[in-house]
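*Asks:* For reference, this is my_file_33.cif, and it has mmCIF, C-alpha atoms.
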```cif
data_upload
#
loop_
_atom_site.label_atom_id
_atom_site.label_comp_id
_atom_site.auth_asym_id
_atom_site.auth_seq_id
_atom_site.Cartn_x
_atom_site.Cartn_y
_atom_site.Cartn_z
CA MET F 29 5.65 5.77 -10.33
CA THR F 30 8.62 4.03 -11.84
CA PRO F 31 11.13 6.04 -13.89
CA GLN F 32 10.36 4.12 -17.07
CA SER F 33 6.65 4.81 -16.96
CA SER F 34 7.13 8.55 -16.40
CA ILE F 35 8.26 9.28 -19.95
CA TRP F 36 5.20 10.63 -21.68
CA TRP F 37 5.64 8.87 -25.04
CA MET F 38 6.18 5.54 -23.29
CA VAL F 39 2.84 6.10 -21.57
CA LEU F 40 1.27 6.99 -24.90
CA ILE F 41 2.48 3.74 -26.48
CA LYS F 42 1.24 1.81 -23.46
CA CYS F 43 -2.18 3.46 -23.78
CA ALA F 44 -2.45 2.71 -27.50
CA VAL F 45 -1.43 -0.93 -27.01
CA LEU F 46 -3.88 -1.38 -24.13
CA LEU F 47 -6.69 0.11 -26.20
CA LEU F 48 -5.91 -2.24 -29.09
CA VAL F 49 -5.87 -5.19 -26.68
CA VAL F 50 -9.24 -4.15 -25.24
CA ILE F 51 -10.79 -3.78 -28.71
CA THR F 52 -9.42 -7.17 -29.84
CA THR F 53 -10.65 -8.77 -26.64
CA PHE F 54 -14.08 -7.29 -27.34
CA ALA F 55 -14.07 -8.77 -30.85
CA TYR F 56 -13.23 -12.25 -29.64
CA ALA F 57 -15.50 -12.02 -26.61
CA MET F 58 -18.32 -11.44 -29.06
CA LEU F 59 -17.26 -14.40 -31.19
CA ALA F 60 -16.88 -16.56 -28.06
CA GLU F 61 -20.39 -15.63 -27.00
CA ARG F 62 -21.85 -16.64 -30.35
CA LYS F 63 -19.84 -19.87 -30.35
CA VAL F 64 -20.64 -20.86 -26.74
CA MET F 65 -24.31 -19.96 -27.12
CA GLY F 66 -24.34 -22.01 -30.30
CA TRP F 67 -22.98 -25.04 -28.49
CA MET F 68 -25.39 -24.57 -25.61
CA GLN F 69 -28.24 -24.57 -28.13
CA LEU F 70 -26.85 -27.56 -30.06
CA ARG F 71 -25.83 -25.65 -33.16
CA PRO F 72 -22.31 -24.89 -34.47
CA GLY F 73 -22.30 -21.08 -34.23
CA PRO F 74 -20.35 -18.99 -36.77
CA ASN F 75 -18.04 -21.35 -38.68
CA ARG F 76 -17.87 -20.06 -42.26
CA VAL F 77 -15.36 -17.19 -42.17
CA GLY F 78 -11.87 -18.51 -41.47
CA PRO F 79 -11.09 -21.62 -39.39
CA TRP F 80 -13.75 -22.01 -36.63
CA GLY F 81 -15.15 -18.64 -37.70
CA LEU F 82 -12.10 -16.87 -36.29
CA LEU F 83 -12.24 -14.10 -38.89
CA GLN F 84 -15.91 -13.39 -38.20
CA PRO F 85 -15.28 -10.26 -36.04
CA ALA F 86 -13.17 -8.66 -38.81
CA VAL F 87 -15.88 -9.28 -41.40
CA ASP F 88 -18.55 -7.94 -39.05
CA ALA F 89 -16.51 -4.78 -38.52
CA VAL F 90 -16.12 -4.20 -42.26
CA LYS F 91 -19.84 -4.73 -42.76
CA LEU F 92 -20.77 -2.25 -40.01
CA ILE F 93 -18.37 0.38 -41.35
CA LEU F 94 -19.71 0.16 -44.90
CA LYS F 95 -23.39 0.17 -43.91
CA GLU F 96 -25.39 3.31 -44.47
CA ASP F 97 -25.47 5.63 -41.46
CA LEU F 98 -29.08 6.79 -41.14
CA THR F 99 -30.27 9.69 -39.01
CA PRO F 100 -34.05 10.06 -38.65
CA LYS F 101 -35.40 13.46 -39.67
CA THR F 102 -36.94 13.87 -36.22
CA ALA F 103 -33.64 13.27 -34.43
CA ASP F 104 -31.46 15.90 -32.79
CA PRO F 105 -28.43 15.50 -35.08
CA LEU F 106 -25.67 16.57 -32.68
CA ILE F 107 -26.80 14.65 -29.58
CA TYR F 108 -27.77 11.67 -31.74
CA ARG F 109 -24.14 11.44 -32.87
CA LEU F 110 -22.72 12.34 -29.47
CA ALA F 111 -24.49 9.56 -27.53
CA PRO F 112 -22.59 6.51 -28.89
CA PHE F 113 -19.38 8.54 -28.55
CA ILE F 114 -20.05 9.10 -24.83
CA SER F 115 -20.82 5.41 -24.33
CA LEU F 116 -17.60 4.33 -25.99
CA VAL F 117 -15.29 6.87 -24.32
CA THR F 118 -16.53 6.04 -20.83
CA ALA F 119 -16.26 2.32 -21.57
CA PHE F 120 -12.65 2.75 -22.72
CA ALA F 121 -11.58 5.25 -20.05
CA VAL F 122 -12.07 2.77 -17.20
CA TYR F 123 -9.07 0.74 -18.38
CA ALA F 124 -6.71 3.57 -17.44
CA VAL F 125 -6.77 2.48 -13.80
CA ILE F 126 -7.28 -1.30 -13.95
CA PRO F 127 -4.13 -3.15 -12.83
CA PHE F 128 -3.71 -6.45 -14.66
CA SER F 129 -0.97 -8.01 -12.61
CA GLU F 130 1.30 -7.50 -9.64
CA PRO F 131 3.35 -4.29 -9.84
CA GLY F 132 6.99 -5.41 -10.00
CA PRO F 133 10.27 -3.49 -9.88
CA GLY F 134 10.41 -1.17 -12.90
CA ASN F 135 6.97 -1.90 -14.26
CA VAL F 136 3.35 -1.35 -13.37
CA TRP F 137 0.76 -3.57 -15.05
CA ALA F 138 -1.55 -0.61 -15.43
CA VAL F 139 -1.56 2.69 -17.26
CA GLY F 140 -2.06 4.62 -14.05
CA ASP F 141 -1.72 3.21 -10.54
CA VAL F 142 -3.88 5.76 -8.74
CA ASN F 143 -4.99 5.90 -5.13
CA ALA F 144 -8.72 6.31 -5.87
CA GLY F 145 -9.02 3.72 -8.65
CA ILE F 146 -12.36 2.25 -7.65
CA LEU F 147 -13.94 5.71 -7.32
CA LEU F 148 -12.74 6.63 -10.81
CA ILE F 149 -14.23 3.43 -12.23
CA LEU F 150 -17.59 4.00 -10.54
CA ALA F 151 -17.66 7.61 -11.75
CA MET F 152 -16.88 6.59 -15.35
CA THR F 153 -19.48 3.83 -15.47
CA SER F 154 -22.06 6.29 -14.09
CA ILE F 155 -21.30 8.76 -16.88
CA GLY F 156 -21.87 5.89 -19.32
CA VAL F 157 -25.60 6.06 -18.51
CA TYR F 158 -25.71 9.36 -20.42
CA GLY F 159 -24.89 7.56 -23.64
CA ILE F 160 -27.98 5.40 -23.34
CA SER F 161 -30.40 8.04 -22.06
CA LEU F 162 -29.32 10.71 -24.56
CA GLY F 163 -29.19 8.23 -27.44
CA GLY F 164 -32.80 7.17 -26.96
CA TRP F 165 -34.04 10.69 -26.32
CA ALA F 166 -32.25 12.27 -29.28
CA SER F 167 -33.57 9.67 -31.74
CA GLY F 168 -36.89 11.52 -31.88
CA SER F 169 -38.79 8.26 -31.98
CA LYS F 170 -41.23 6.50 -29.65
CA TYR F 171 -39.65 3.15 -28.92
CA PRO F 172 -36.10 4.38 -28.39
CA LEU F 173 -37.40 6.99 -25.95
CA LEU F 174 -39.31 4.39 -23.92
CA GLY F 175 -36.35 2.04 -24.06
CA SER F 176 -33.95 4.69 -22.87
CA VAL F 177 -36.03 5.97 -19.93
CA ARG F 178 -36.62 2.39 -18.84
CA SER F 179 -32.99 1.57 -19.12
CA THR F 180 -31.92 4.73 -17.31
CA ALA F 181 -34.28 3.93 -14.43
CA GLN F 182 -32.90 0.38 -14.31
CA LEU F 183 -29.29 1.52 -14.41
CA VAL F 184 -29.60 4.11 -11.66
CA SER F 185 -31.58 1.75 -9.42
CA TYR F 186 -29.00 -1.01 -9.68
CA GLU F 187 -26.07 1.36 -9.54
CA LEU F 188 -27.12 2.24 -6.01
CA ALA F 189 -27.11 -1.37 -4.84
CA MET F 190 -23.82 -1.92 -6.68
CA GLY F 191 -22.18 1.02 -4.92
CA MET F 192 -23.38 -0.25 -1.55
CA SER F 193 -22.21 -3.82 -2.20
CA LEU F 194 -18.64 -2.57 -2.75
CA VAL F 195 -18.47 -0.67 0.56
CA GLY F 196 -17.95 -3.93 2.48
CA VAL F 197 -14.79 -4.61 0.47
CA LEU F 198 -13.53 -1.10 1.15
CA ILE F 199 -14.09 -1.56 4.89
CA LEU F 200 -12.02 -4.76 4.89
CA ALA F 201 -9.30 -3.42 2.59
CA GLY F 202 -9.10 0.08 4.06
CA THR F 203 -8.08 1.61 0.75
CA THR F 204 -9.61 2.69 -2.55
CA SER F 205 -6.48 1.81 -4.53
CA LEU F 206 -7.11 -1.27 -6.69
CA VAL F 207 -3.57 -2.57 -6.18
CA GLY F 208 -4.02 -2.09 -2.43
CA ILE F 209 -7.34 -3.95 -2.45
CA VAL F 210 -5.82 -6.92 -4.30
CA ASN F 211 -2.77 -6.97 -2.00
CA SER F 212 -5.03 -7.11 1.06
CA GLN F 213 -6.57 -10.31 -0.38
CA ALA F 214 -3.25 -12.18 -0.34
CA LYS F 215 -4.46 -14.46 2.48
CA LEU F 216 -8.21 -14.55 1.99
CA TRP F 217 -10.12 -13.55 -1.12
CA PHE F 218 -12.91 -11.15 -0.26
CA PHE F 219 -15.66 -13.23 -1.81
CA ILE F 220 -15.55 -15.48 1.28
CA PRO F 221 -16.12 -12.86 4.01
CA GLN F 222 -18.11 -10.70 1.58
CA ILE F 223 -20.20 -13.46 0.01
CA VAL F 224 -23.39 -11.35 0.30
CA GLY F 225 -21.68 -8.36 -1.26
CA PHE F 226 -20.26 -10.59 -3.99
CA ILE F 227 -23.66 -12.04 -4.92
CA ILE F 228 -25.25 -8.57 -4.95
CA TYR F 229 -22.37 -7.26 -7.04
CA VAL F 230 -22.72 -10.03 -9.62
CA ILE F 231 -26.49 -9.49 -9.92
CA THR F 232 -26.16 -5.71 -10.22
CA ALA F 233 -23.26 -6.06 -12.66
CA VAL F 234 -25.45 -8.07 -15.04
CA ALA F 235 -28.18 -5.43 -14.71
CA GLU F 236 -25.72 -2.56 -15.15
CA THR F 237 -24.45 -3.95 -18.43
CA ASN F 238 -27.99 -4.52 -19.74
CA ARG F 239 -27.41 -8.23 -20.22
CA ALA F 240 -29.88 -11.10 -20.06
CA PRO F 241 -31.89 -11.75 -17.88
CA PHE F 242 -31.90 -7.98 -17.19
CA ASP F 243 -31.81 -6.86 -20.83
CA LEU F 244 -35.12 -5.02 -20.61
CA VAL F 245 -33.65 -2.17 -22.53
CA GLU F 246 -33.85 -4.27 -25.65
CA ALA F 247 -37.04 -6.14 -24.80
CA ASP F 248 -37.67 -6.85 -28.46
CA ALA F 249 -41.25 -8.02 -27.95
CA GLU F 250 -42.37 -4.64 -26.61
CA LEU F 251 -39.71 -2.06 -27.46
CA VAL F 252 -38.33 -3.18 -30.84
CA GLY F 253 -34.60 -2.67 -30.20
CA GLY F 254 -34.72 -0.36 -27.18
CA PHE F 255 -32.72 2.85 -27.10
CA ASN F 256 -30.68 1.95 -30.20
CA THR F 257 -33.62 1.20 -32.53
CA GLU F 258 -32.87 4.14 -34.84
CA TYR F 259 -29.12 3.59 -34.95
CA SER F 260 -27.55 1.82 -37.89
CA GLY F 261 -24.12 0.97 -39.23
CA LEU F 262 -21.09 1.79 -37.15
CA ARG F 263 -23.00 4.08 -34.78
CA PHE F 264 -25.02 1.05 -33.67
CA GLY F 265 -21.71 -0.80 -33.53
CA LEU F 266 -20.30 1.74 -31.07
CA PHE F 267 -23.09 1.01 -28.58
CA PHE F 268 -22.43 -2.67 -29.14
CA ILE F 269 -18.68 -2.31 -28.51
CA ALA F 270 -19.40 -0.25 -25.38
CA GLU F 271 -21.75 -2.94 -24.04
CA TYR F 272 -19.18 -5.70 -24.42
CA ILE F 273 -16.34 -3.59 -23.05
CA ASN F 274 -18.53 -2.80 -20.04
CA MET F 275 -19.02 -6.55 -19.55
CA LEU F 276 -15.25 -6.96 -19.53
CA THR F 277 -14.94 -4.04 -17.10
CA VAL F 278 -17.36 -5.41 -14.53
CA SER F 279 -15.66 -8.82 -14.85
CA CYS F 280 -12.32 -7.14 -14.14
CA ILE F 281 -13.76 -5.30 -11.12
CA ALA F 282 -15.29 -8.50 -9.74
CA THR F 283 -11.92 -10.21 -10.17
CA LEU F 284 -10.00 -7.39 -8.49
CA LEU F 285 -12.39 -6.78 -5.60
CA PHE F 286 -13.69 -10.24 -4.79
CA LEU F 287 -11.62 -12.95 -6.47
CA GLY F 288 -8.17 -11.81 -5.40
CA GLY F 289 -7.11 -10.26 -8.71
CA TRP F 290 -3.78 -11.78 -9.75
CA ASN F 291 -3.38 -13.83 -6.55
CA ALA F 292 -2.79 -17.47 -7.46
CA VAL F 293 -5.26 -20.26 -6.72
CA VAL F 294 -4.05 -22.65 -3.94
CA GLY F 295 -0.47 -21.35 -4.03
CA LEU F 296 0.18 -22.09 -7.72
CA THR F 297 2.51 -19.09 -7.90
CA ILE F 298 4.50 -20.65 -10.75
CA VAL F 299 1.75 -19.44 -13.09
CA PRO F 300 2.19 -15.68 -13.64
CA GLY F 301 -0.34 -13.30 -12.07
CA ILE F 302 -1.57 -11.97 -15.39
CA VAL F 303 -2.68 -15.48 -16.39
CA TRP F 304 -4.67 -15.87 -13.18
CA PHE F 305 -6.24 -12.47 -13.72
CA LEU F 306 -7.27 -13.31 -17.29
CA LEU F 307 -8.59 -16.74 -16.27
CA LYS F 308 -10.80 -15.20 -13.60
CA VAL F 309 -12.09 -12.55 -16.02
CA ALA F 310 -12.77 -15.27 -18.61
CA PHE F 311 -14.72 -17.20 -15.98
CA PHE F 312 -17.01 -14.21 -15.45
CA MET F 313 -17.44 -13.68 -19.17
CA PHE F 314 -18.44 -17.32 -19.55
CA ALA F 315 -20.92 -16.95 -16.70
CA TYR F 316 -22.50 -14.03 -18.58
CA ILE F 317 -23.05 -16.20 -21.66
CA TRP F 318 -24.30 -19.07 -19.52
CA LEU F 319 -26.85 -16.77 -17.84
CA ARG F 320 -28.00 -15.47 -21.19
CA SER F 321 -28.74 -18.89 -22.59
CA SER F 322 -30.32 -20.16 -19.36
CA PHE F 323 -32.77 -17.53 -18.11
CA PRO F 324 -35.78 -15.75 -19.61
CA ARG F 325 -36.09 -11.99 -19.29
CA ILE F 326 -37.38 -10.73 -15.96
CA ARG F 327 -40.52 -8.55 -15.86
CA TYR F 328 -39.90 -4.81 -15.51
CA ASP F 329 -41.93 -4.14 -12.32
CA ARG F 330 -40.27 -7.13 -10.63
CA LEU F 331 -36.87 -5.89 -11.71
CA MET F 332 -37.42 -2.49 -10.10
CA ALA F 333 -38.98 -3.95 -6.94
CA PHE F 334 -36.09 -6.41 -6.61
CA GLY F 335 -33.52 -3.65 -6.90
CA TRP F 336 -35.09 -1.26 -4.42
CA LYS F 337 -36.71 -3.63 -1.93
CA VAL F 338 -34.24 -6.52 -1.81
CA LEU F 339 -30.79 -5.65 -3.12
CA LEU F 340 -30.48 -2.20 -1.52
CA PRO F 341 -31.50 -3.15 2.05
CA VAL F 342 -29.49 -6.40 1.94
CA ALA F 343 -26.41 -4.53 0.73
CA THR F 344 -26.82 -1.99 3.54
CA LEU F 345 -27.23 -4.76 6.11
CA ASN F 346 -24.08 -6.44 4.79
CA LEU F 347 -22.25 -3.14 5.16
CA ILE F 348 -23.38 -2.70 8.79
CA ILE F 349 -22.39 -6.26 9.72
CA THR F 350 -18.97 -5.87 8.09
CA ALA F 351 -18.43 -2.55 9.88
CA ALA F 352 -19.49 -4.06 13.22
CA TYR F 353 -17.06 -6.96 12.69
CA VAL F 354 -14.18 -4.59 11.95
CA ALA F 355 -15.12 -2.34 14.87
CA VAL F 356 -15.16 -5.22 17.36
CA ARG F 357 -12.39 -7.47 16.02
CA GLY F 358 -10.25 -4.88 14.30
CA MET B 6 4.48 12.97 -13.63
CA THR B 7 1.73 12.59 -11.07
CA PRO B 8 -0.04 9.21 -10.95
CA TYR B 9 -3.04 10.81 -12.63
CA ALA B 10 -1.15 12.10 -15.69
CA PRO B 11 -1.17 8.66 -17.44
CA VAL B 12 -4.91 8.47 -16.75
CA ALA B 13 -5.37 11.77 -18.56
CA ILE B 14 -3.20 10.54 -21.46
CA PHE B 15 -5.25 7.35 -21.68
CA ALA B 16 -8.47 9.37 -21.65
CA ALA B 17 -7.11 11.46 -24.54
CA VAL B 18 -6.25 8.31 -26.51
CA ALA B 19 -9.72 6.91 -25.77
CA VAL B 20 -11.37 10.13 -26.97
CA ALA B 21 -9.26 10.09 -30.14
CA ALA B 22 -10.14 6.45 -30.87
CA ALA B 23 -13.84 7.00 -30.24
CA LEU B 24 -13.77 10.14 -32.40
CA ALA B 25 -12.14 8.18 -35.21
CA PHE B 26 -14.84 5.51 -34.94
CA SER B 27 -17.56 8.20 -34.93
CA LEU B 28 -16.17 9.83 -38.09
CA LEU B 29 -15.58 6.60 -40.02
CA PRO B 30 -19.17 6.13 -41.25
CA GLY B 31 -19.08 9.65 -42.73
CA LEU B 32 -16.01 8.71 -44.77
CA LEU B 33 -16.64 5.11 -45.76
CA ALA B 34 -20.33 4.29 -45.45
CA GLN B 35 -22.44 4.31 -48.56
CA ARG B 36 -25.13 6.94 -48.79
CA LYS B 37 -28.39 6.58 -50.68
CA PRO B 38 -30.82 9.03 -49.08
CA ASN B 39 -34.51 8.33 -49.36
CA PRO B 40 -37.36 10.12 -47.51
CA GLU B 41 -38.82 6.77 -46.38
CA LYS B 42 -35.55 5.79 -44.73
CA GLU B 43 -35.36 9.01 -42.75
CA LYS B 44 -38.65 8.42 -40.97
CA ALA B 45 -38.62 7.31 -37.36
CA TYR B 46 -39.44 3.64 -36.82
CA GLU B 47 -43.16 2.93 -36.48
CA CYS B 48 -43.74 -0.71 -37.55
CA GLY B 49 -44.18 0.39 -41.16
CA VAL B 50 -47.24 2.57 -40.58
CA GLU B 51 -47.40 6.37 -40.62
CA PRO B 52 -46.42 7.92 -37.24
CA THR B 53 -49.67 8.84 -35.55
CA SER B 54 -48.83 10.87 -32.44
CA ALA B 55 -46.29 13.47 -31.36
CA ILE B 56 -43.13 11.49 -30.78
CA ALA B 57 -40.54 12.43 -28.24
CA GLY B 58 -40.66 14.61 -25.17
CA ARG B 59 -43.11 13.10 -22.70
CA PHE B 60 -42.78 10.00 -20.59
CA PRO B 61 -44.48 8.78 -17.39
CA VAL B 62 -43.79 10.72 -14.20
CA LYS B 63 -42.79 7.56 -12.31
CA PHE B 64 -39.42 7.69 -14.03
CA TYR B 65 -38.82 11.10 -12.42
CA LEU B 66 -39.66 9.59 -9.04
CA ILE B 67 -36.99 6.92 -9.55
CA ALA B 68 -34.52 9.60 -10.61
CA MET B 69 -35.19 11.64 -7.46
CA LEU B 70 -34.86 8.62 -5.19
CA PHE B 71 -31.60 7.77 -6.92
CA VAL B 72 -30.14 11.25 -6.44
CA ILE B 73 -31.07 11.29 -2.75
CA LEU B 74 -29.79 7.80 -1.93
CA ASP B 75 -26.72 7.94 -4.17
CA VAL B 76 -25.44 11.06 -2.44
CA GLU B 77 -25.80 9.15 0.83
CA ALA B 78 -24.03 6.14 -0.65
CA ALA B 79 -21.13 8.32 -1.75
CA SER B 80 -20.62 9.43 1.85
CA PHE B 81 -20.09 5.79 2.88
CA TYR B 82 -16.87 5.52 0.88
CA PRO B 83 -14.52 7.77 2.89
CA TRP B 84 -15.96 6.31 6.10
CA ALA B 85 -15.43 2.73 4.92
CA VAL B 86 -11.77 3.32 4.07
CA GLN B 87 -11.11 4.78 7.54
CA MET B 88 -13.04 2.06 9.40
CA HIS B 89 -9.93 0.34 10.76
CA ALA B 90 -8.92 3.60 12.46
CA LEU B 91 -12.38 4.76 13.56
CA ARG B 92 -13.48 1.45 15.14
CA MET B 93 -16.41 1.82 17.59
CA PHE B 94 -16.73 5.58 17.06
CA GLY B 95 -17.13 5.07 13.32
CA LEU B 96 -19.68 2.29 13.81
CA ILE B 97 -21.91 4.37 16.09
CA GLU B 98 -21.54 7.44 13.92
CA MET B 99 -22.52 5.57 10.77
CA GLY B 100 -25.23 3.65 12.63
CA ALA B 101 -26.93 6.96 13.43
CA PHE B 102 -26.59 8.01 9.80
CA ILE B 103 -28.11 4.75 8.57
CA VAL B 104 -31.03 5.08 11.03
CA VAL B 105 -31.85 8.52 9.64
CA LEU B 106 -31.53 7.15 6.11
CA GLY B 107 -33.69 4.15 7.07
CA ILE B 108 -36.53 6.38 8.29
CA GLY B 109 -36.66 8.08 4.90
CA TYR B 110 -36.44 4.72 3.15
CA ALA B 111 -39.29 3.30 5.25
CA TYR B 112 -41.39 6.38 4.46
CA VAL B 113 -40.90 5.92 0.71
CA TRP B 114 -41.72 2.21 1.05
CA LYS B 115 -44.91 2.99 3.00
CA LYS B 116 -45.94 5.61 0.40
CA ARG B 117 -45.50 2.84 -2.21
CA GLY B 118 -42.74 4.77 -3.91
CA PHE B 119 -40.92 1.56 -4.85
CA GLU B 120 -43.95 0.01 -6.49
CA TRP B 121 -44.21 0.14 -10.25
CA ARG B 122 -47.75 1.22 -11.08
#
```
In structure tokens, how does this file's structure come out?
*Replies:*
Amino acid sequence: MTPQSSIWWMVLIKCAVLLLVVITTFAYAMLAERKVMGWMQLRPGPNRVGPWGLLQPAVDAVKLILKEDLTPKTADPLIYRLAPFISLVTAFAVYAVIPFSEPGPGNVWAVGDVNAGILLILAMTSIGVYGISLGGWASGSKYPLLGSVRSTAQLVSYELAMGMSLVGVLILAGTTSLVGIVNSQAKLWFFIPQIVGFIIYVITAVAETNRAPFDLVEADAELVGGFNTEYSGLRFGLFFIAEYINMLTVSCIATLLFLGGWNAVVGLTIVPGIVWFLLKVAFFMFAYIWLRSSFPRIRYDRLMAFGWKVLLPVATLNLIITAAYVAVRG
Amino acid sequence: MTPYAPVAIFAAVAVAAALAFSLLPGLLAQRKPNPEKEKAYECGVEPTSAIAGRFPVKFYLIAMLFVILDVEAASFYPWAVQMHALRMFGLIEMGAFIVVLGIGYAYVWKKRGFEWR
């Protein structure tokens, strides 16, 4: 730790600023998605509120806050209110350990530069599943319950393959510190030797964040709105914020673990590391939107079979081959 | 401060922010209660069956498989980080572990545990 970052109120300010940045990024990621999807479908997207619709997120927020907050009579009131809270806290908490740029003298581009960063992130995203499963269960309603058990089964199945796909990176890097992992990619980004792990990670990341084509949780033709059917107003908004922040999180992890984090492309070190980091994250976010407007939803039985019978064994095989390579070549 | 102290501070800020968001609707949202609004969603018709509580047993099967395999997956992490030091010993050690795991996996596959029926 640097002396400057060990004063507690400095850390507090840093935390508050980072949280504001994350929330603002969420707001404009949502607007960007609506805009880009609009263009992909040959329509303008939101363009009424402010220039190019730039004030749309603010208006949406005001609308969600003022909307009536309904709780069904059959719901469990405490857990019903707790579920979106859990989702949001776990989505936020991950950003405590994500480094955004190269640690320099006197500053760390992260709230906490810890030695088990990737483990902390995986633990937090796993806890996030509780938000979805409890939310659907506590609604006391048919469709949310079905949506939430489906989604929980999907999340845990793909979480397994995701965990296994990251082991290859850990073998090559030899550390669980995120800064350490990025530094060990200075010469070669891990998506080249770990191309199989990278592809599996990207697929599972889309499934983990419940995004199209794996958005079975909100399969509107069969399950109405999925686990959040009964939620309204800002409580629905909290799930929504958590979903987008999770998208940002998995984009950040993919950037850090596979795309060299803040390492410059082809030696363009004149551009600061933070810019490279943000560009790579933006690339992943764009890919998310692209996927959503390109692919239809996958069928549920195929989704589960794909996770257990394809992704998991392939990820394990990738792990063994990587380990064998390290064992033989060092 | 230890490296984990800022993480705890950030978690506290995150909890405070999420709590504020959770309490906002109680303060600002309009409230016009109505017995029809408080019903659980049912496509506009009267709810016909008991609602929550039961769901198909196959979801429990997935949950059990997850718990078993995820505990195994967690044990890969410390091994993976030490791989550069363990070399051949680590490979053989983990190979044996994966073979044992693979037998269980093959058994579940043969019993059609991965099939969605």
*Asks:* Between segment 11-104 of chain B and segment 266-275 of chain F, at 12 Å or less, what are the per-residue closest atom pairs and their distances in Å? Count all atoms listed in the file, order by chain and rising residue number, and return it as a Markdown table.
*Replies:*
```
| residue | atom | partner | partner_atom | distance |
| --- | --- | --- | --- | --- |
| B:Ala22 | CA | F:Leu266 | CA | 11.2 |
| B:Ala23 | CA | F:Leu266 | CA | 8.4 |
| B:Leu24 | CA | F:Leu266 | CA | 10.7 |
| B:Ala25 | CA | F:Leu266 | CA | 11.2 |
| B:Phe26 | CA | F:Leu266 | CA | 7.7 |
| B:Ser27 | CA | F:Leu266 | CA | 8.0 |
| B:Leu28 | CA | F:Leu266 | CA | 11.5 |
| B:Leu29 | CA | F:Leu266 | CA | 11.2 |
| B:Pro30 | CA | F:Leu266 | CA | 11.1 |
```
*Asks:* So how far away is atom CA of Val142 of chain F from atom CA of Met99 of chain B, in Å?
*Replies:*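 Taking atom CA of Met99 of chain B and atom CA of Val142 of chain F, their separation equals 27.0 Å.
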*Asks:* Please provide the set of residues having any atom within 6 Å of Phe255 of chain F, restricted to all atoms listed in the file, with same-chain residues fewer than 6 positions apart removed, written as a PyMOL selection string.
*Replies:* chain F and resi 164+172+175-176
*Asks:* Report, in Å with one decimal, the straight-line distance from atom CA of Ala103 of chain F to atom CA of Pro38 of chain B.
*Replies:*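 That distance, rounded to one decimal, is 15.5 Å.
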*Asks:* Find, counting all atoms listed in the file, the residue in F:Val207, F:Val90, F:Ala55, F:Val299 that gets nearest to Gly140 of chain F.
*Replies:* F:Val207
*Asks:* Need the shell around Gly100 of chain B: protein/DNA/RNA residues with any atom at most 12 Å away, counting only C-alpha atoms. Skip same-chain ones fewer than 3 positions apart. Format as a PyMOL selection string?
*Replies:* (chain F and resi 344-345+347-349+351-352+355) or (chain B and resi 81+84+93-97+103-107)
*Asks:* Quick one: residues within 10 Å of segment 284-291 of chain F, only C-alpha atoms counted, chain neighbours fewer than 6 positions away excluded, as a CSV table (one decimal) with C-alpha atoms, in the frame of the given file?
*Replies:*
```csv
chain,number,residue,atom,x,y,z
F,126,ILE,CA,-7.3,-1.3,-14.0
F,127,PRO,CA,-4.1,-3.2,-12.8
F,128,PHE,CA,-3.7,-6.4,-14.7
F,129,SER,CA,-1.0,-8.0,-12.6
F,130,GLU,CA,1.3,-7.5,-9.6
F,146,ILE,CA,-12.4,2.2,-7.6
F,194,LEU,CA,-18.6,-2.6,-2.8
F,197,VAL,CA,-14.8,-4.6,0.5
F,198,LEU,CA,-13.5,-1.1,1.2
F,201,ALA,CA,-9.3,-3.4,2.6
F,206,LEU,CA,-7.1,-1.3,-6.7
F,207,VAL,CA,-3.6,-2.6,-6.2
F,209,ILE,CA,-7.3,-4.0,-2.4
F,210,VAL,CA,-5.8,-6.9,-4.3
F,211,ASN,CA,-2.8,-7.0,-2.0
F,212,SER,CA,-5.0,-7.1,1.1
F,213,GLN,CA,-6.6,-10.3,-0.4
F,214,ALA,CA,-3.2,-12.2,-0.3
F,215,LYS,CA,-4.5,-14.5,2.5
F,216,LEU,CA,-8.2,-14.6,2.0
F,217,TRP,CA,-10.1,-13.6,-1.1
F,218,PHE,CA,-12.9,-11.2,-0.3
F,219,PHE,CA,-15.7,-13.2,-1.8
F,220,ILE,CA,-15.6,-15.5,1.3
F,221,PRO,CA,-16.1,-12.9,4.0
F,222,GLN,CA,-18.1,-10.7,1.6
F,223,ILE,CA,-20.2,-13.5,0.0
F,225,GLY,CA,-21.7,-8.4,-1.3
F,226,PHE,CA,-20.3,-10.6,-4.0
F,229,TYR,CA,-22.4,-7.3,-7.0
F,278,VAL,CA,-17.4,-5.4,-14.5
F,297,THR,CA,2.5,-19.1,-7.9
F,300,PRO,CA,2.2,-15.7,-13.6
F,301,GLY,CA,-0.3,-13.3,-12.1
F,302,ILE,CA,-1.6,-12.0,-15.4
F,303,VAL,CA,-2.7,-15.5,-16.4
F,304,TRP,CA,-4.7,-15.9,-13.2
F,305,PHE,CA,-6.2,-12.5,-13.7
F,306,LEU,CA,-7.3,-13.3,-17.3
F,307,LEU,CA,-8.6,-16.7,-16.3
F,308,LYS,CA,-10.8,-15.2,-13.6
F,309,VAL,CA,-12.1,-12.6,-16.0
```
*Asks:* Calculated over only C-alpha atoms, which of the candidates B:Leu74, B:Leu32, B:Val20, B:Val62 has the smallest distance to Tyr186 of chain F?
*Replies:*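 That would be B:Leu74, the residue with the smallest distance to Tyr186 of chain F.
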*Asks:* Which residues match the PyMOL selection byres ((chain B and resi 85) around 7) in the file above, as a PyMOL selection string?
*Replies:* (chain F and resi 195+198-199+202) or (chain B and resi 81-84+86-88)
